[in-house]
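The file final.csv contains CSV, C-alpha atoms and all ligand atoms:
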```
chain,number,residue,atom,x,y,z
A,1,MET,CA,26.3,46.4,-20.8
A,2,SER,CA,23.9,45.7,-18.0
A,3,THR,CA,24.8,46.0,-14.3
A,4,PRO,CA,25.5,42.7,-12.5
A,5,ARG,CA,23.2,42.2,-9.6
A,6,LYS,CA,23.8,40.9,-6.1
A,7,TYR,CA,22.1,37.7,-4.8
A,8,HIS,CA,20.5,39.1,-1.7
A,9,GLU,CA,19.6,42.7,-2.6
A,10,CYS,CA,18.1,44.5,0.4
A,11,GLN,CA,18.4,41.5,2.6
A,12,ASP,CA,18.4,43.6,5.7
A,13,ALA,CA,15.2,45.5,4.9
A,14,PRO,CA,12.1,44.5,6.9
A,15,VAL,CA,9.9,42.2,4.9
A,16,GLY,CA,6.4,41.1,5.7
A,17,THR,CA,4.8,37.8,4.9
A,18,PHE,CA,4.3,36.6,1.4
A,19,SER,CA,0.6,36.5,1.8
A,20,GLU,CA,0.7,40.2,2.5
A,21,ALA,CA,2.9,40.9,-0.5
A,22,PHE,CA,0.9,38.5,-2.6
A,23,ALA,CA,-2.3,40.7,-2.2
A,24,ARG,CA,-0.4,43.5,-4.0
A,25,LEU,CA,1.1,41.4,-6.8
A,26,PRO,CA,-0.4,42.2,-10.3
A,27,LEU,CA,-0.3,38.5,-11.3
A,28,GLU,CA,-3.3,38.7,-13.7
A,29,ARG,CA,-1.9,41.7,-15.4
A,30,LEU,CA,1.5,40.0,-15.7
A,31,ALA,CA,-0.1,36.8,-17.1
A,32,GLU,CA,-1.9,38.9,-19.7
A,33,GLN,CA,1.3,40.8,-20.5
A,34,SER,CA,3.0,37.5,-21.0
A,35,ARG,CA,0.4,36.3,-23.4
A,36,GLN,CA,0.8,39.5,-25.4
A,37,ALA,CA,4.6,39.9,-25.3
A,38,ASP,CA,6.3,40.3,-28.7
A,39,LEU,CA,9.6,39.1,-29.9
A,40,ALA,CA,11.3,42.5,-29.4
A,41,ARG,CA,10.5,42.3,-25.7
A,42,VAL,CA,11.7,38.7,-25.5
A,43,ASP,CA,14.9,39.5,-27.3
A,44,ALA,CA,15.7,42.4,-25.0
A,45,VAL,CA,15.8,40.0,-22.1
A,46,LEU,CA,17.8,37.4,-24.0
A,47,ARG,CA,20.4,40.0,-24.9
A,48,ARG,CA,21.0,40.5,-21.2
A,49,GLY,CA,21.1,36.8,-20.6
A,50,GLN,CA,19.1,37.1,-17.4
A,51,ALA,CA,15.6,38.1,-16.3
A,52,ARG,CA,15.7,40.9,-13.7
A,53,THR,CA,12.1,41.4,-12.9
A,54,LEU,CA,8.8,39.5,-13.0
A,55,GLU,CA,8.0,41.5,-16.2
A,56,ASP,CA,11.1,40.0,-17.8
A,57,PHE,CA,10.1,36.6,-16.6
A,58,ALA,CA,6.6,37.1,-18.0
A,59,ALA,CA,8.2,37.8,-21.4
A,60,LEU,CA,10.2,34.7,-21.2
A,61,ILE,CA,7.2,32.4,-20.6
A,62,SER,CA,5.2,34.1,-23.4
A,63,PRO,CA,4.0,32.3,-26.6
A,64,ALA,CA,6.5,34.6,-28.5
A,65,ALA,CA,9.4,33.3,-26.5
A,66,GLY,CA,8.6,29.8,-27.6
A,67,GLU,CA,10.4,30.8,-30.8
A,68,ARG,CA,13.6,31.4,-28.8
A,69,ILE,CA,13.5,28.3,-26.8
A,70,GLU,CA,17.0,27.1,-27.9
A,71,GLN,CA,18.6,30.4,-26.8
A,72,MET,CA,16.8,30.3,-23.5
A,73,ALA,CA,17.9,26.7,-23.0
A,74,ALA,CA,21.5,27.7,-23.7
A,75,HIS,CA,21.3,30.6,-21.1
A,76,SER,CA,19.7,28.2,-18.6
A,77,GLN,CA,22.4,25.6,-19.0
A,78,ARG,CA,25.2,28.2,-18.7
A,79,ILE,CA,23.7,29.7,-15.5
A,80,THR,CA,23.0,26.3,-13.9
A,81,GLN,CA,26.4,24.9,-14.6
A,82,ARG,CA,27.9,28.1,-13.1
A,83,PHE,CA,26.1,27.9,-9.9
A,84,PHE,CA,25.4,24.1,-9.5
A,85,GLY,CA,28.1,22.5,-11.6
A,86,LYS,CA,27.1,19.5,-13.8
A,87,ALA,CA,25.2,17.6,-11.1
A,88,VAL,CA,21.7,16.4,-10.5
A,89,ARG,CA,20.7,15.4,-7.0
A,90,LEU,CA,18.6,12.3,-6.6
A,91,PHE,CA,16.1,11.8,-3.8
A,92,ALA,CA,13.4,9.3,-2.9
A,93,PRO,CA,10.0,10.2,-1.6
A,94,MET,CA,8.6,7.8,1.1
A,95,TYR,CA,4.9,8.1,1.9
A,96,LEU,CA,4.3,7.5,5.6
A,97,SER,CA,0.6,7.8,5.6
A,98,ASN,CA,-2.4,8.5,3.4
A,99,GLU,CA,-4.7,9.4,6.3
A,100,CYS,CA,-5.8,13.0,5.7
A,101,VAL,CA,-8.3,15.3,7.3
A,102,ASN,CA,-8.6,17.6,4.2
A,103,VAL,CA,-10.8,17.5,1.2
A,104,CYS,CA,-8.8,18.3,-1.9
A,105,LYS,CA,-10.8,17.5,-5.0
A,106,TYR,CA,-7.8,16.5,-7.1
A,107,CYS,CA,-6.1,14.2,-4.6
A,108,GLY,CA,-6.3,10.4,-4.2
A,109,PHE,CA,-5.9,10.8,-0.4
A,110,SER,CA,-8.8,13.2,-0.1
A,111,ARG,CA,-10.7,12.2,3.0
A,112,HIS,CA,-13.9,11.2,1.1
A,113,ASN,CA,-12.1,8.8,-1.3
A,114,ASP,CA,-12.7,5.2,-0.5
A,115,ILE,CA,-9.1,3.8,-0.5
A,116,PRO,CA,-7.3,1.6,2.0
A,117,ARG,CA,-5.9,4.0,4.7
A,118,ILE,CA,-2.6,3.2,6.3
A,119,THR,CA,0.1,4.8,8.4
A,120,ILE,CA,3.2,2.7,8.4
A,121,PRO,CA,4.9,1.9,11.7
A,122,VAL,CA,8.3,3.4,12.4
A,123,SER,CA,9.9,-0.1,12.1
A,124,LYS,CA,8.6,-0.2,8.5
A,125,VAL,CA,9.9,3.2,7.7
A,126,VAL,CA,13.3,2.1,8.8
A,127,GLU,CA,13.1,-1.1,6.7
A,128,GLN,CA,12.0,0.9,3.6
A,129,ALA,CA,14.8,3.5,4.1
A,130,GLU,CA,17.2,0.5,4.1
A,131,ARG,CA,15.7,-0.8,0.9
A,132,LEU,CA,16.1,2.7,-0.7
A,133,ALA,CA,19.6,3.0,0.6
A,134,ARG,CA,20.5,-0.3,-1.1
A,135,GLN,CA,19.3,1.4,-4.4
A,136,GLY,CA,21.9,4.1,-3.7
A,137,PHE,CA,19.7,6.9,-2.2
A,138,ARG,CA,21.1,9.0,0.7
A,139,SER,CA,18.4,11.7,0.5
A,140,LEU,CA,14.9,11.0,1.6
A,141,LEU,CA,11.6,13.0,1.5
A,142,LEU,CA,9.0,11.9,4.0
A,143,VAL,CA,5.5,12.6,2.8
A,144,ALA,CA,2.2,12.3,4.5
A,145,GLY,CA,-1.4,13.5,4.3
A,146,GLU,CA,-2.4,16.1,6.9
A,147,HIS,CA,-3.5,14.9,10.3
A,148,PRO,CA,-3.3,16.5,13.7
A,149,LYS,CA,-1.9,13.4,15.3
A,150,TRP,CA,1.5,13.9,13.4
A,151,VAL,CA,1.9,17.1,15.4
A,152,SER,CA,0.9,15.6,18.8
A,153,ASN,CA,2.2,12.1,18.9
A,154,GLY,CA,5.9,12.5,17.9
A,155,TYR,CA,5.6,10.0,15.1
A,156,VAL,CA,7.2,12.1,12.4
A,157,ALA,CA,10.1,13.1,14.7
A,158,GLU,CA,10.7,9.5,15.5
A,159,CYS,CA,10.7,8.6,11.8
A,160,ILE,CA,13.3,11.3,11.1
A,161,LYS,CA,15.5,10.2,14.0
A,162,ARG,CA,15.4,6.6,13.1
A,163,THR,CA,16.1,7.1,9.3
A,164,LEU,CA,18.9,9.6,9.7
A,165,PRO,CA,21.6,7.0,10.4
A,166,ILE,CA,20.6,5.5,7.0
A,167,MET,CA,19.7,8.6,5.1
A,168,PRO,CA,21.9,11.6,5.9
A,169,ALA,CA,19.5,14.1,4.4
A,170,VAL,CA,15.8,13.9,5.4
A,171,SER,CA,13.2,16.4,4.2
A,172,ILE,CA,9.5,16.6,5.0
A,173,GLU,CA,6.3,17.3,3.0
A,174,LEU,CA,3.4,17.3,5.5
A,175,GLY,CA,0.4,19.4,6.4
A,176,PRO,CA,1.4,22.9,7.5
A,177,MET,CA,2.3,23.4,11.2
A,178,GLU,CA,3.1,26.1,13.6
A,179,ALA,CA,6.7,27.2,14.0
A,180,PRO,CA,7.2,25.5,17.4
A,181,ASP,CA,5.9,22.2,16.0
A,182,TYR,CA,8.4,22.5,13.1
A,183,ALA,CA,11.1,23.2,15.6
A,184,HIS,CA,10.7,19.7,17.0
A,185,LEU,CA,11.2,18.3,13.6
A,186,VAL,CA,14.3,20.4,12.9
A,187,GLU,CA,15.6,19.3,16.3
A,188,ALA,CA,15.0,15.7,15.2
A,189,GLY,CA,17.2,16.3,12.2
A,190,ALA,CA,15.0,17.3,9.3
A,191,GLU,CA,16.7,19.8,7.1
A,192,ALA,CA,14.2,20.7,4.3
A,193,LEU,CA,10.6,21.6,4.3
A,194,LEU,CA,8.5,21.3,1.2
A,195,VAL,CA,5.0,22.9,0.9
A,196,TYR,CA,3.4,23.5,-2.4
A,197,GLN,CA,0.6,26.1,-2.6
A,198,GLU,CA,-1.1,23.8,-5.2
A,199,THR,CA,-2.7,26.8,-6.9
A,200,TYR,CA,-2.0,30.5,-6.2
A,201,TYR,CA,-5.3,31.5,-7.7
A,202,GLN,CA,-7.5,32.0,-4.7
A,203,PRO,CA,-10.9,31.4,-6.2
A,204,THR,CA,-9.7,28.0,-7.6
A,205,TYR,CA,-8.0,27.2,-4.3
A,206,GLU,CA,-11.2,27.8,-2.4
A,207,GLU,CA,-13.2,25.8,-4.9
A,208,LEU,CA,-10.8,22.8,-4.7
A,209,HIS,CA,-10.1,22.8,-0.9
A,210,THR,CA,-13.5,22.5,0.7
A,211,ALA,CA,-12.8,21.1,4.1
A,212,GLY,CA,-10.0,20.7,6.6
A,213,PRO,CA,-7.3,23.2,7.6
A,214,LYS,CA,-6.0,23.3,4.1
A,215,LYS,CA,-8.8,25.6,3.0
A,216,TYR,CA,-7.0,28.5,4.6
A,217,PHE,CA,-5.1,30.0,1.6
A,218,ALA,CA,-2.9,32.5,3.5
A,219,TRP,CA,-2.0,30.1,6.3
A,220,ARG,CA,-0.6,27.6,3.7
A,221,MET,CA,1.1,30.4,1.8
A,222,ASP,CA,3.1,31.6,4.8
A,223,THR,CA,4.2,28.0,5.8
A,224,PRO,CA,7.7,28.2,4.4
A,225,GLU,CA,8.3,31.3,6.5
A,226,ARG,CA,7.2,29.6,9.7
A,227,GLY,CA,9.5,26.7,8.7
A,228,TYR,CA,12.4,29.1,8.3
A,229,GLU,CA,11.6,30.7,11.7
A,230,ALA,CA,11.8,27.1,13.2
A,231,GLY,CA,15.2,26.5,11.7
A,232,PHE,CA,14.7,24.9,8.3
A,233,ARG,CA,17.5,25.9,6.0
A,234,ARG,CA,16.1,24.4,2.8
A,235,LEU,CA,12.6,25.4,1.6
A,236,GLY,CA,10.7,24.0,-1.3
A,237,ILE,CA,7.7,25.6,-2.9
A,238,GLY,CA,5.6,24.9,-6.0
A,239,ALA,CA,2.3,24.8,-7.8
A,240,LEU,CA,0.4,21.9,-9.3
A,241,LEU,CA,0.0,22.6,-13.0
A,242,GLY,CA,-3.5,21.7,-14.3
A,243,LEU,CA,-5.6,23.6,-11.7
A,244,HIS,CA,-5.4,27.1,-13.2
A,245,ASP,CA,-3.6,29.1,-16.0
A,246,TRP,CA,0.0,27.9,-15.9
A,247,ARG,CA,1.4,31.3,-16.7
A,248,TYR,CA,-0.3,32.8,-13.6
A,249,GLU,CA,1.0,29.9,-11.5
A,250,ALA,CA,4.6,30.1,-12.8
A,251,LEU,CA,4.6,33.9,-12.1
A,252,ALA,CA,3.3,33.3,-8.6
A,253,VAL,CA,5.9,30.6,-7.9
A,254,ALA,CA,8.6,32.9,-9.2
A,255,ALA,CA,7.4,35.8,-7.0
A,256,HIS,CA,7.2,33.5,-4.0
A,257,ALA,CA,10.8,32.3,-4.5
A,258,GLN,CA,12.0,35.9,-4.8
A,259,HIS,CA,10.2,36.8,-1.6
A,260,LEU,CA,11.8,33.8,0.3
A,261,LEU,CA,15.3,34.6,-1.1
A,262,ARG,CA,14.9,38.1,0.3
A,263,LYS,CA,13.3,37.2,3.7
A,264,CYS,CA,14.7,33.7,4.4
A,265,TRP,CA,18.1,34.6,3.1
A,266,LYS,CA,20.0,31.9,5.0
A,267,ALA,CA,17.9,29.2,3.3
A,268,GLN,CA,18.4,27.4,0.0
A,269,VAL,CA,15.1,27.7,-1.9
A,270,SER,CA,13.9,25.2,-4.5
A,271,VAL,CA,10.9,25.3,-6.8
A,272,SER,CA,8.8,22.7,-8.6
A,273,LEU,CA,6.1,22.9,-11.2
A,274,PRO,CA,4.7,19.3,-11.3
A,275,ARG,CA,2.1,18.7,-14.0
A,276,MET,CA,-0.9,16.9,-12.5
A,277,ARG,CA,-1.7,13.2,-13.1
A,278,PRO,CA,-5.1,11.6,-12.8
A,279,ALA,CA,-5.9,10.6,-9.2
A,280,ALA,CA,-8.0,8.1,-7.2
A,281,GLY,CA,-11.6,9.4,-7.0
A,282,GLY,CA,-11.8,10.0,-10.7
A,283,TRP,CA,-10.2,13.5,-10.8
A,284,GLN,CA,-8.6,14.5,-14.1
A,285,PRO,CA,-6.5,17.6,-14.7
A,286,ASN,CA,-8.1,20.3,-16.7
A,287,THR,CA,-6.6,20.1,-20.1
A,288,ASP,CA,-7.2,23.8,-20.8
A,289,TYR,CA,-4.6,24.5,-18.1
A,290,LEU,CA,-2.0,21.9,-18.8
A,291,MET,CA,1.3,23.0,-20.3
A,292,SER,CA,3.0,21.2,-23.1
A,293,ASP,CA,6.4,19.6,-22.8
A,294,ARG,CA,7.9,22.5,-24.8
A,295,GLU,CA,6.2,25.1,-22.5
A,296,LEU,CA,7.6,23.3,-19.4
A,297,VAL,CA,11.1,23.4,-20.8
A,298,GLN,CA,10.6,27.1,-21.6
A,299,THR,CA,9.4,27.8,-18.1
A,300,ILE,CA,12.3,26.0,-16.5
A,301,ALA,CA,14.7,28.0,-18.5
A,302,ALA,CA,12.9,31.2,-17.7
A,303,LEU,CA,12.9,30.3,-13.9
A,304,ARG,CA,16.7,29.7,-14.2
A,305,MET,CA,17.2,33.1,-15.9
A,306,LEU,CA,15.3,34.8,-13.1
A,307,LEU,CA,16.5,32.8,-10.1
A,308,PRO,CA,20.0,31.6,-10.8
A,309,HIS,CA,20.6,30.1,-7.4
A,310,VAL,CA,17.3,28.4,-6.9
A,311,GLY,CA,17.1,24.6,-7.0
A,312,ILE,CA,14.6,23.3,-9.6
A,313,THR,CA,13.0,19.9,-9.1
A,314,ILE,CA,11.5,17.6,-11.6
A,315,SER,CA,9.5,14.6,-10.3
A,316,THR,CA,8.5,11.2,-11.6
A,317,ARG,CA,5.2,12.7,-12.6
A,318,GLU,CA,6.9,13.6,-15.9
A,319,PRO,CA,7.5,11.1,-18.6
A,320,PRO,CA,10.9,9.6,-19.4
A,321,SER,CA,11.4,11.4,-22.7
A,322,LEU,CA,10.9,14.8,-21.0
A,323,ARG,CA,13.1,13.9,-18.0
A,324,ASN,CA,15.9,12.7,-20.3
A,325,GLY,CA,15.9,15.9,-22.3
A,326,ILE,CA,15.7,18.3,-19.4
A,327,VAL,CA,18.8,17.2,-17.4
A,328,PRO,CA,21.2,19.7,-19.0
A,329,LEU,CA,18.7,22.5,-19.1
A,330,GLY,CA,18.5,23.8,-15.5
A,331,VAL,CA,17.1,21.0,-13.3
A,332,THR,CA,19.1,20.3,-10.1
A,333,LEU,CA,16.9,17.7,-8.2
A,334,MET,CA,15.1,14.6,-9.4
A,335,SER,CA,13.1,11.9,-7.7
A,336,ALA,CA,13.5,8.4,-9.0
A,337,GLY,CA,12.0,5.0,-8.6
A,338,ALA,CA,9.1,6.5,-6.6
A,339,SER,CA,6.1,4.8,-5.0
A,340,THR,CA,3.3,7.1,-3.9
A,341,GLU,CA,1.7,4.5,-1.6
A,342,PRO,CA,2.5,4.3,2.1
A,343,GLY,CA,4.6,1.1,2.5
A,344,GLY,CA,4.7,0.8,-1.3
A,345,TYR,CA,8.4,0.0,-1.4
A,346,ASP,CA,7.7,-3.2,0.4
A,347,HIS,CA,6.4,-4.6,-2.8
A,348,PHE,CA,9.3,-3.6,-5.1
A,349,ASP,CA,11.6,-6.2,-6.6
A,350,GLU,CA,15.0,-5.1,-5.4
A,351,ASN,CA,16.8,-6.2,-8.6
A,352,GLN,CA,14.6,-4.4,-11.1
A,353,TRP,CA,13.1,-1.9,-8.7
A,354,THR,CA,9.6,-2.5,-10.1
A,355,PRO,CA,6.4,-3.0,-8.1
A,356,THR,CA,5.5,-6.7,-7.8
A,357,LYS,CA,1.8,-6.0,-7.1
A,358,GLU,CA,-0.8,-3.3,-7.6
A,359,GLN,CA,-0.5,-0.2,-5.4
A,360,PRO,CA,-4.2,0.6,-4.7
A,361,GLY,CA,-3.4,3.2,-2.0
A,362,GLU,CA,-1.2,5.4,-4.2
A,363,GLN,CA,-1.7,9.1,-4.4
A,364,PHE,CA,-1.2,9.2,-8.2
A,365,HIS,CA,0.5,6.9,-10.6
A,366,ILE,CA,4.0,8.1,-11.7
A,367,ALA,CA,4.9,8.5,-15.4
A,368,ASP,CA,8.6,7.7,-15.2
A,369,GLU,CA,8.8,4.1,-13.8
A,370,ARG,CA,12.5,3.6,-14.4
A,371,SER,CA,14.7,2.3,-11.6
A,372,PRO,CA,17.1,4.6,-9.6
A,373,ALA,CA,20.0,2.9,-11.4
A,374,GLN,CA,18.5,3.6,-14.8
A,375,ILE,CA,17.9,7.3,-13.9
A,376,ALA,CA,21.5,7.7,-12.6
A,377,ALA,CA,22.8,6.1,-15.8
A,378,MET,CA,20.6,8.5,-17.9
A,379,ILE,CA,22.0,11.5,-16.0
A,380,ARG,CA,25.6,10.3,-16.5
A,381,SER,CA,24.9,9.8,-20.2
A,382,HIS,CA,24.6,13.6,-20.4
A,383,GLY,CA,28.0,14.1,-18.8
A,384,TYR,CA,26.4,15.0,-15.5
A,385,GLU,CA,27.0,13.5,-12.1
A,386,ALA,CA,24.1,11.8,-10.3
A,387,VAL,CA,24.5,12.9,-6.7
A,388,TRP,CA,23.0,10.6,-4.2
A,389,LYS,CA,24.1,12.4,-1.1
A,390,ASP,CA,22.7,15.8,-0.5
A,391,PHE,CA,24.9,18.7,-1.7
A,392,ASP,CA,27.4,19.6,0.9
A,393,GLN,CA,26.9,23.3,1.5
A,394,ALA,CA,30.6,23.9,1.2
A,395,LEU,CA,30.6,22.5,-2.3
A,396,VAL,CA,27.8,24.6,-3.5
A,397,THR,CA,29.0,27.7,-5.3
A,398,ASP,CA,29.0,30.8,-3.0
A,399,PRO,CA,25.6,32.4,-3.6
A,400,SER,CA,27.0,35.9,-3.1
A,401,ARG,CA,28.7,35.6,-6.4
A,402,GLU,CA,27.5,38.0,-9.0
A,403,LEU,CA,25.7,36.9,-12.1
A,404,ALA,CA,27.5,38.5,-14.9
A,405,PRO,CA,25.6,39.4,-18.0
A,406,ALA,CA,25.9,37.1,-21.0
B,1,LIG,S1,-3.3,17.0,-1.3
B,1,LIG,FE1,-2.4,16.6,0.7
B,1,LIG,S2,-3.8,17.6,2.1
B,1,LIG,FE2,-5.0,17.3,0.2
B,1,LIG,S3,-6.1,15.4,0.4
B,1,LIG,FE3,-4.1,15.0,-0.6
B,1,LIG,S4,-2.7,14.4,1.1
B,1,LIG,FE4,-4.5,15.5,2.0
```

Reformat the file's structure so that it appears as C-alpha cells.
Amino acid sequence: MSTPRKYHECQDAPVGTFSEAFARLPLERLAEQSRQADLARVDAVLRRGQARTLEDFAALISPAAGERIEQMAAHSQRITQRFFGKAVRLFAPMYLSNECVNVCKYCGFSRHNDIPRITIPVSKVVEQAERLARQGFRSLLLVAGEHPKWVSNGYVAECIKRTLPIMPAVSIELGPMEAPDYAHLVEAGAEALLVYQETYYQPTYEELHTAGPKKYFAWRMDTPERGYEAGFRRLGIGALLGLHDWRYEALAVAAHAQHLLRKCWKAQVSVSLPRMRPAAGGWQPNTDYLMSDRELVQTIAALRMLLPHVGITISTREPPSLRNGIVPLGVTLMSAGASTEPGGYDHFDENQWTPTKEQPGEQFHIADERSPAQIAAMIRSHGYEAVWKDFDQALVTDPSRELAPA
C-alpha cells in the first residue's frame, strides 16, 4: 500500500519564484516521456489511484493512458467528490474594456486589430451586474485588456466596490500589476486573481507577444505570487491550448500549480486549460496543437489525480456536449451565459439570455451559448448542485486531510 501524502508538504521551506524554478524544469523531457509512456507505467499510477509526481502525471496524459480513460475518470470523480462534494460553482465574466496596449497575435483585443474600442462606465458595470444577478449569479469575474490607466485611475477598484453589494464574490483578470497595486484591489474587495500564462513555451510566447508589457515572460509568470503577496487568497492559472504542444502546456500548468500550493499555501488555487477559439484579426488556433475532447477529459482527470484540492475551471469556449459530459469528472467551476464584449450583456434578452444583436467587439465567440438557467439545469441533471454563491471556505473540505490511496 502506498503512503498517504499531506497537502502542504514542506510548506515552511523557503521557496523562490516560479520563474526561477521553471528554468530548471525538464518539461520537454517530460512531454517526450509522456508520448512514449507504455501501459505498464500508466497502470502503476492507476493502481495507486493518485499521481504523486510530474512523471506520474506525464504517464496519465500519454497516448497509452487514453486506453484507460474510464478508470481515470472514475478516480477523478471519486477524488473530486471527496474534496469538493457534488457541486459546480457558476460564475459570469464581465468584460470591462477591450482597450489594450499589448500585441498578442491570437487575441481579438490586440492593439492593432481594427475593432470598436470601449471601456464601460462604472454605472454600466453596476447595471450589468444587476442583470447577471437576476440570472442567478453571485460570483463575478471582471475582465479587461491591459492598460496602465487601470492602475492609476482607480477605475477597477471602483468597479469592485460598486459591484460587491450585488455580487458577493468578485474576481479579476487584468494585465499583471505590482503587488502594491494589487493591494488596492484586495482592499476594494476582490478575492481572486486570474492570470493565464497563455503558453509556457518561451520561444512561442516571444513570437506571439511582440509589443507591450506582456512580452516579459517571467514577469507574467510570477504574477500570481505578487497577487498572493498583496493578499489574494484565490489564484487562478492556466494555458491557452492551441499555441504549443498541449502535453508540454499541461505539464507546465501542473508544475505551476504545485509551486503555488507550496509557496502560496494559504490560497486556493484553480487551473484552466481553455482550448482556443478563432479571434478577430483572422487568427486561427494551430490544429497541430489542439487536443481532442477525449484528450481534454483525460487531462482533467490526470490533473485531479495529481492535484486533488485544486479547482478546475471549464469555460464557455467548450461546446455543450463536452461541458455536459465533464460535470461529474473533476470540474469545479464553470462560466455560463457569457459575453466577451465590453457592455455585451446590455444586448441580452433577459428571458432567454441570448444576444439580441451582433457583438462586434467580442474577444472571441463562445461555443456554449446556453443560458445560465439551462447550464444550472444541466448540472442538476447529473445529481450535482449548481452553486451560484462562491464556496464558503468553511464548507470546503479541510485541505489538510490526507488523500488515501485507492
Ligand atoms: S490577450 Fe489580453 S493582453 Fe493580449 S491583446 Fe488580448 S486583452 Fe490584450

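Residues in contact with ligand LIG 1 (chain B) (atom pairs separated by at most 9 Å; only C-alpha atoms and all ligand atoms) are Ser97, Asn98, Glu99, Cys100, Val101, Asn102, Val103, Cys104, Lys105, Tyr106, Cys107, Gly108, Phe109, Ser110, Arg111, His112, Val143, Ala144, Gly145, Glu146, His147, Leu174, Gly175, Glu198, His209, Gly212, Pro213, Lys214 and Gln363 of chain A.
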
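Closest to His256 of chain A among A:Ser292, A:Met276, A:Pro224, A:Pro355 is A:Pro224, based on all atoms listed in the file.
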
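Residue nearest Arg134 of chain A, chosen from A:Gly311, A:Pro372, A:Gly154, A:Pro320 and counting only C-alpha atoms: A:Pro372.
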
Residues near segment 178-186 of chain A, cut-off 7 Å, only C-alpha atoms, skip fewer than 3 positions along chain, as a PyMOL selection string = chain A and resi 151+157+189-191+226-227+229-232

Mind dumping the selected residues with C-alpha atoms as a compact mmCIF listing (two decimals), in the coordinates of the input?
```
# COMPACT_ATOMS: atom_id res chain seq x y z
CA VAL A 151 1.90 17.10 15.40
CA ALA A 157 10.10 13.10 14.70
CA GLY A 189 17.20 16.30 12.20
CA ALA A 190 15.00 17.30 9.30
CA GLU A 191 16.70 19.80 7.10
CA ARG A 226 7.20 29.60 9.70
CA GLY A 227 9.50 26.70 8.70
CA GLU A 229 11.60 30.70 11.70
CA ALA A 230 11.80 27.10 13.20
CA GLY A 231 15.20 26.50 11.70
CA PHE A 232 14.70 24.90 8.30
```

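For Gly242 of chain A, the residues within 9 Å (counting all atoms listed in the file, excluding itself and residues fewer than 4 positions away along the chain) are Trp246, Arg275, Met276, Arg277, Gln284, Pro285, Asn286, Thr287, Asp288, Tyr289, Leu290 and Met291 of chain A.
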
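Closest approach to Gln128 of chain A from the set A:Thr354, A:Thr163, A:Thr80, A:Gln202 is made by A:Thr163, with distances taken over only C-alpha atoms.
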
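Of note, atom CA of Ala92 of chain A and atom CA of Thr332 of chain A are spaced 14.3 Å apart.
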
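Residue nearest Arg323 of chain A within the list A:Glu369, A:Glu362, A:Glu350, A:Glu187: A:Glu369 [criterion: smallest interatomic distance, only C-alpha atoms].
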
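For the set A:Ser62, A:Thr299, A:Gln135, A:Ser152, the residue with the smallest atom-to-atom gap to Trp388 of chain A is A:Gln135, counting only C-alpha atoms.
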
Please identify all polymer residues within 9 Å of Ala267 of chain A, counting all atoms listed in the file, omitting same-chain residues fewer than 3 positions from it, and present them as an MDAnalysis selection string.
-> chainID A and resid 228 232:235 260:261 264

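Neighbouring residues of Tyr95 of chain A at 8 Å or closer, counting all atoms listed in the file and skipping chain neighbours under 3 positions away, are Asn98, Leu142, Val143, Ala144, Ser339, Thr340, Glu341, Pro342, Gly343 and Gly344 of chain A.
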
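Taking all atoms listed in the file into account, Gln268 of chain A lies nearest to A:His309 out of the set A:Lys86, A:His365, A:His309, A:Arg68.
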
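Relative to atom CA of Val331 of chain A, atom CA of Arg304 of chain A is found at 8.8 Å.
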
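Picture a line from atom CA of Lys124 of chain A to atom CA of Tyr196 of chain A; it runs 26.6 Å.
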
Expected residue set, 6 Å radius at (0.2, 35.6, 3.6), only C-alpha atoms, as a ChimeraX atom specification = /A:17-20,218,221-222

Could you give me, as a short mmCIF file (atom, residue, chain, number, x, y, z; two decimals) with C-alpha atoms, in the frame of the given file, the residues that sit within 12 Å of (18.1, 2.8, -14.4) in the file's coordinates, counting all atoms listed in the file?
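Done, and the output landed in part_12.cif:
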```
data_model
loop_
_atom_site.label_atom_id
_atom_site.label_comp_id
_atom_site.auth_asym_id
_atom_site.auth_seq_id
_atom_site.Cartn_x
_atom_site.Cartn_y
_atom_site.Cartn_z
CA GLN A 135 19.30 1.40 -4.40
CA GLY A 136 21.90 4.10 -3.70
CA PRO A 320 10.90 9.60 -19.40
CA ASN A 324 15.90 12.70 -20.30
CA ALA A 336 13.50 8.40 -9.00
CA GLY A 337 12.00 5.00 -8.60
CA ASN A 351 16.80 -6.20 -8.60
CA GLN A 352 14.60 -4.40 -11.10
CA TRP A 353 13.10 -1.90 -8.70
CA THR A 354 9.60 -2.50 -10.10
CA ASP A 368 8.60 7.70 -15.20
CA GLU A 369 8.80 4.10 -13.80
CA ARG A 370 12.50 3.60 -14.40
CA SER A 371 14.70 2.30 -11.60
CA PRO A 372 17.10 4.60 -9.60
CA ALA A 373 20.00 2.90 -11.40
CA GLN A 374 18.50 3.60 -14.80
CA ILE A 375 17.90 7.30 -13.90
CA ALA A 376 21.50 7.70 -12.60
CA ALA A 377 22.80 6.10 -15.80
CA MET A 378 20.60 8.50 -17.90
CA ILE A 379 22.00 11.50 -16.00
CA ARG A 380 25.60 10.30 -16.50
CA SER A 381 24.90 9.80 -20.20
CA ALA A 386 24.10 11.80 -10.30
#
```

Which neighbours of Lys389 of chain A fall inside 12 Å, counting all atoms listed in the file, when residues of the same chain fewer than 4 positions from it are skipped, and could you give them as a list in words?
-> Ala87, Val88, Arg89, Leu90, Phe91, Ala92, Ala133, Gly136, Phe137, Arg138, Ser139, Leu140, Ile166, Met167, Pro168, Ala169, Val170, Leu333, Glu385 and Gln393 of chain A

Residues from last step as file, C-alpha atoms, as a compact mmCIF listing (two decimals), in the frame of the given file:
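Full text of selection_9.txt as output:
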```txt
# COMPACT_ATOMS: atom_id res chain seq x y z
CA ALA A 87 25.20 17.60 -11.10
CA VAL A 88 21.70 16.40 -10.50
CA ARG A 89 20.70 15.40 -7.00
CA LEU A 90 18.60 12.30 -6.60
CA PHE A 91 16.10 11.80 -3.80
CA ALA A 92 13.40 9.30 -2.90
CA ALA A 133 19.60 3.00 0.60
CA GLY A 136 21.90 4.10 -3.70
CA PHE A 137 19.70 6.90 -2.20
CA ARG A 138 21.10 9.00 0.70
CA SER A 139 18.40 11.70 0.50
CA LEU A 140 14.90 11.00 1.60
CA ILE A 166 20.60 5.50 7.00
CA MET A 167 19.70 8.60 5.10
CA PRO A 168 21.90 11.60 5.90
CA ALA A 169 19.50 14.10 4.40
CA VAL A 170 15.80 13.90 5.40
CA LEU A 333 16.90 17.70 -8.20
CA GLU A 385 27.00 13.50 -12.10
CA GLN A 393 26.90 23.30 1.50
```
